[in-house]
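Enquirer: Structure below; questions to follow.
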Amino acid sequence: MTDRVYEKVRCGFHHDALLREGIYLGPIQNPAPVAALKRSDGTFSGAFVIDVRKIHAAIEKNLSWYVESLRLQENTVPRDNFLKAWTIRQPMNPTDFPDALP
């Protein structure tokens, strides 16, 4: 099921800027940010609902943790890896932004 969500959401939305068939946006009653839609007989329908507010909060929390971990002086390897990846993908140098990293 995780692979199916990944393919439909990440690959569809990230690469195509479109949600693929079987992905819907809406509120979810349970704490999870993504839920599988079930048919009336309880079987999996093949579709998923994404709670935009919950998924945004989860992404923001994870990103904040990642940035804070890069700022720790002892995390030289992850920070160096980030800087290498940034240099490959971005025309700007992250050190051009003094508040970005220590």
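A note on labels: chains of the structure tokens are A, B, ... as shown, every chain counts residues from 1, and ligands are counted from 1 in their shown order.
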Looking only at strand (DSSP E or B) from DSSP on the backbone, list the matching residues of segment 19-92 of chain A as a list in words.
Expert: Ile23, Tyr24, Leu25, Val34, Ala35, Ala36, Leu37, Lys38, Phe44, Ser45, Gly46, Ala47, Phe48, Val49 and Ile50 of chain A
Enquirer: Once you have the residues from the selection above, write them out as a PDB file, in the first residue's frame, restricted to C-alpha atoms.
Expert:
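Output contents, as saved in again04.pdb:
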```
ATOM      1  CA  ILE A  23      -5.962  10.269  -4.825  1.00  0.00           C
ATOM      2  CA  TYR A  24      -8.351  12.687  -3.151  1.00  0.00           C
ATOM      3  CA  LEU A  25      -7.858  15.652  -0.820  1.00  0.00           C
ATOM      4  CA  VAL A  34      -3.251   9.620   4.659  1.00  0.00           C
ATOM      5  CA  ALA A  35      -6.087   7.090   4.730  1.00  0.00           C
ATOM      6  CA  ALA A  36      -7.133   4.270   2.439  1.00  0.00           C
ATOM      7  CA  LEU A  37     -10.705   4.493   1.177  1.00  0.00           C
ATOM      8  CA  LYS A  38     -12.787   1.412   1.780  1.00  0.00           C
ATOM      9  CA  PHE A  44      -9.870  -1.533   0.008  1.00  0.00           C
ATOM     10  CA  SER A  45     -11.069   0.509  -2.958  1.00  0.00           C
ATOM     11  CA  GLY A  46      -7.603   1.311  -4.309  1.00  0.00           C
ATOM     12  CA  ALA A  47      -8.028   5.024  -3.507  1.00  0.00           C
ATOM     13  CA  PHE A  48      -6.533   7.245  -0.824  1.00  0.00           C
ATOM     14  CA  VAL A  49      -7.506  10.486   0.912  1.00  0.00           C
ATOM     15  CA  ILE A  50      -4.841  12.978   1.954  1.00  0.00           C
TER      16      ILE A  50
END
```
Enquirer: Could you tell me how far atom CA of Ser64 of chain A sits from atom CA of Gly26 of chain A, in Å to one decimal place?
Expert: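 Taking atom CA of Gly26 of chain A and atom CA of Ser64 of chain A, their separation equals 24.7 Å.
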Enquirer: Work out how far atom CA of Ala32 of chain A is from atom CA of Ile55 of chain A, in Å to one decimal.
Expert: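 Answer for the atom CA of Ile55 of chain A to atom CA of Ala32 of chain A separation: 8.5 Å.
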Enquirer: What does the distance from atom CA of Asp51 of chain A to atom CA of Gln29 of chain A come to in Å, to one decimal?
Expert: 9.2 Å
Enquirer: Looking only at helix (DSSP H, G or I) from DSSP on the backbone, list the matching residues of segment 23-74 of chain A as a PDB file with N, CA and C atoms, in the first residue's frame.
Expert:
```pdb
ATOM      1  N   VAL A  52      -4.736  17.536   3.793  1.00  0.00           N
ATOM      2  CA  VAL A  52      -3.705  18.520   3.437  1.00  0.00           C
ATOM      3  C   VAL A  52      -3.109  19.183   4.674  1.00  0.00           C
ATOM      4  N   ARG A  53      -3.925  19.524   5.643  1.00  0.00           N
ATOM      5  CA  ARG A  53      -3.398  20.180   6.846  1.00  0.00           C
ATOM      6  C   ARG A  53      -2.468  19.248   7.624  1.00  0.00           C
ATOM      7  N   LYS A  54      -2.861  17.988   7.749  1.00  0.00           N
ATOM      8  CA  LYS A  54      -2.037  17.041   8.502  1.00  0.00           C
ATOM      9  C   LYS A  54      -0.743  16.717   7.763  1.00  0.00           C
ATOM     10  N   ILE A  55      -0.817  16.558   6.457  1.00  0.00           N
ATOM     11  CA  ILE A  55       0.403  16.226   5.708  1.00  0.00           C
ATOM     12  C   ILE A  55       1.350  17.424   5.709  1.00  0.00           C
ATOM     13  N   HIS A  56       0.798  18.627   5.618  1.00  0.00           N
ATOM     14  CA  HIS A  56       1.627  19.837   5.687  1.00  0.00           C
ATOM     15  C   HIS A  56       2.333  19.925   7.034  1.00  0.00           C
ATOM     16  N   ALA A  57       1.606  19.678   8.112  1.00  0.00           N
ATOM     17  CA  ALA A  57       2.200  19.731   9.454  1.00  0.00           C
ATOM     18  C   ALA A  57       3.301  18.681   9.604  1.00  0.00           C
ATOM     19  N   ALA A  58       3.081  17.490   9.066  1.00  0.00           N
ATOM     20  CA  ALA A  58       4.080  16.421   9.160  1.00  0.00           C
ATOM     21  C   ALA A  58       5.336  16.777   8.363  1.00  0.00           C
ATOM     22  N   ILE A  59       5.159  17.329   7.178  1.00  0.00           N
ATOM     23  CA  ILE A  59       6.300  17.726   6.355  1.00  0.00           C
ATOM     24  C   ILE A  59       7.072  18.857   7.026  1.00  0.00           C
ATOM     25  N   GLU A  60       6.344  19.833   7.548  1.00  0.00           N
ATOM     26  CA  GLU A  60       6.992  20.964   8.213  1.00  0.00           C
ATOM     27  C   GLU A  60       7.788  20.502   9.442  1.00  0.00           C
ATOM     28  N   LYS A  61       7.219  19.592  10.209  1.00  0.00           N
ATOM     29  CA  LYS A  61       7.912  19.058  11.390  1.00  0.00           C
ATOM     30  C   LYS A  61       9.192  18.334  10.976  1.00  0.00           C
ATOM     31  N   ASN A  62       9.099  17.499   9.951  1.00  0.00           N
ATOM     32  CA  ASN A  62      10.260  16.756   9.488  1.00  0.00           C
ATOM     33  C   ASN A  62      11.331  17.683   8.933  1.00  0.00           C
ATOM     34  N   LEU A  63      10.920  18.682   8.169  1.00  0.00           N
ATOM     35  CA  LEU A  63      11.876  19.630   7.595  1.00  0.00           C
ATOM     36  C   LEU A  63      12.559  20.447   8.691  1.00  0.00           C
ATOM     37  N   SER A  64      11.804  20.862   9.694  1.00  0.00           N
ATOM     38  CA  SER A  64      12.396  21.614  10.807  1.00  0.00           C
ATOM     39  C   SER A  64      13.435  20.779  11.543  1.00  0.00           C
ATOM     40  N   TRP A  65      13.109  19.489  11.776  1.00  0.00           N
ATOM     41  CA  TRP A  65      14.060  18.587  12.422  1.00  0.00           C
ATOM     42  C   TRP A  65      15.325  18.461  11.569  1.00  0.00           C
ATOM     43  N   TYR A  66      15.156  18.304  10.259  1.00  0.00           N
ATOM     44  CA  TYR A  66      16.294  18.136   9.362  1.00  0.00           C
ATOM     45  C   TYR A  66      17.196  19.369   9.370  1.00  0.00           C
ATOM     46  N   VAL A  67      16.613  20.553   9.280  1.00  0.00           N
ATOM     47  CA  VAL A  67      17.394  21.795   9.284  1.00  0.00           C
ATOM     48  C   VAL A  67      18.144  21.937  10.606  1.00  0.00           C
ATOM     49  N   GLU A  68      17.450  21.671  11.714  1.00  0.00           N
ATOM     50  CA  GLU A  68      18.106  21.766  13.021  1.00  0.00           C
ATOM     51  C   GLU A  68      19.261  20.768  13.127  1.00  0.00           C
ATOM     52  N   SER A  69      19.083  19.567  12.574  1.00  0.00           N
ATOM     53  CA  SER A  69      20.156  18.575  12.640  1.00  0.00           C
ATOM     54  C   SER A  69      21.361  19.023  11.807  1.00  0.00           C
ATOM     55  N   LEU A  70      21.119  19.706  10.693  1.00  0.00           N
ATOM     56  CA  LEU A  70      22.228  20.214   9.879  1.00  0.00           C
ATOM     57  C   LEU A  70      22.990  21.318  10.592  1.00  0.00           C
ATOM     58  N   ARG A  71      22.313  22.036  11.455  1.00  0.00           N
ATOM     59  CA  ARG A  71      22.959  23.143  12.167  1.00  0.00           C
ATOM     60  C   ARG A  71      23.834  22.690  13.328  1.00  0.00           C
TER      61      ARG A  71
END
```
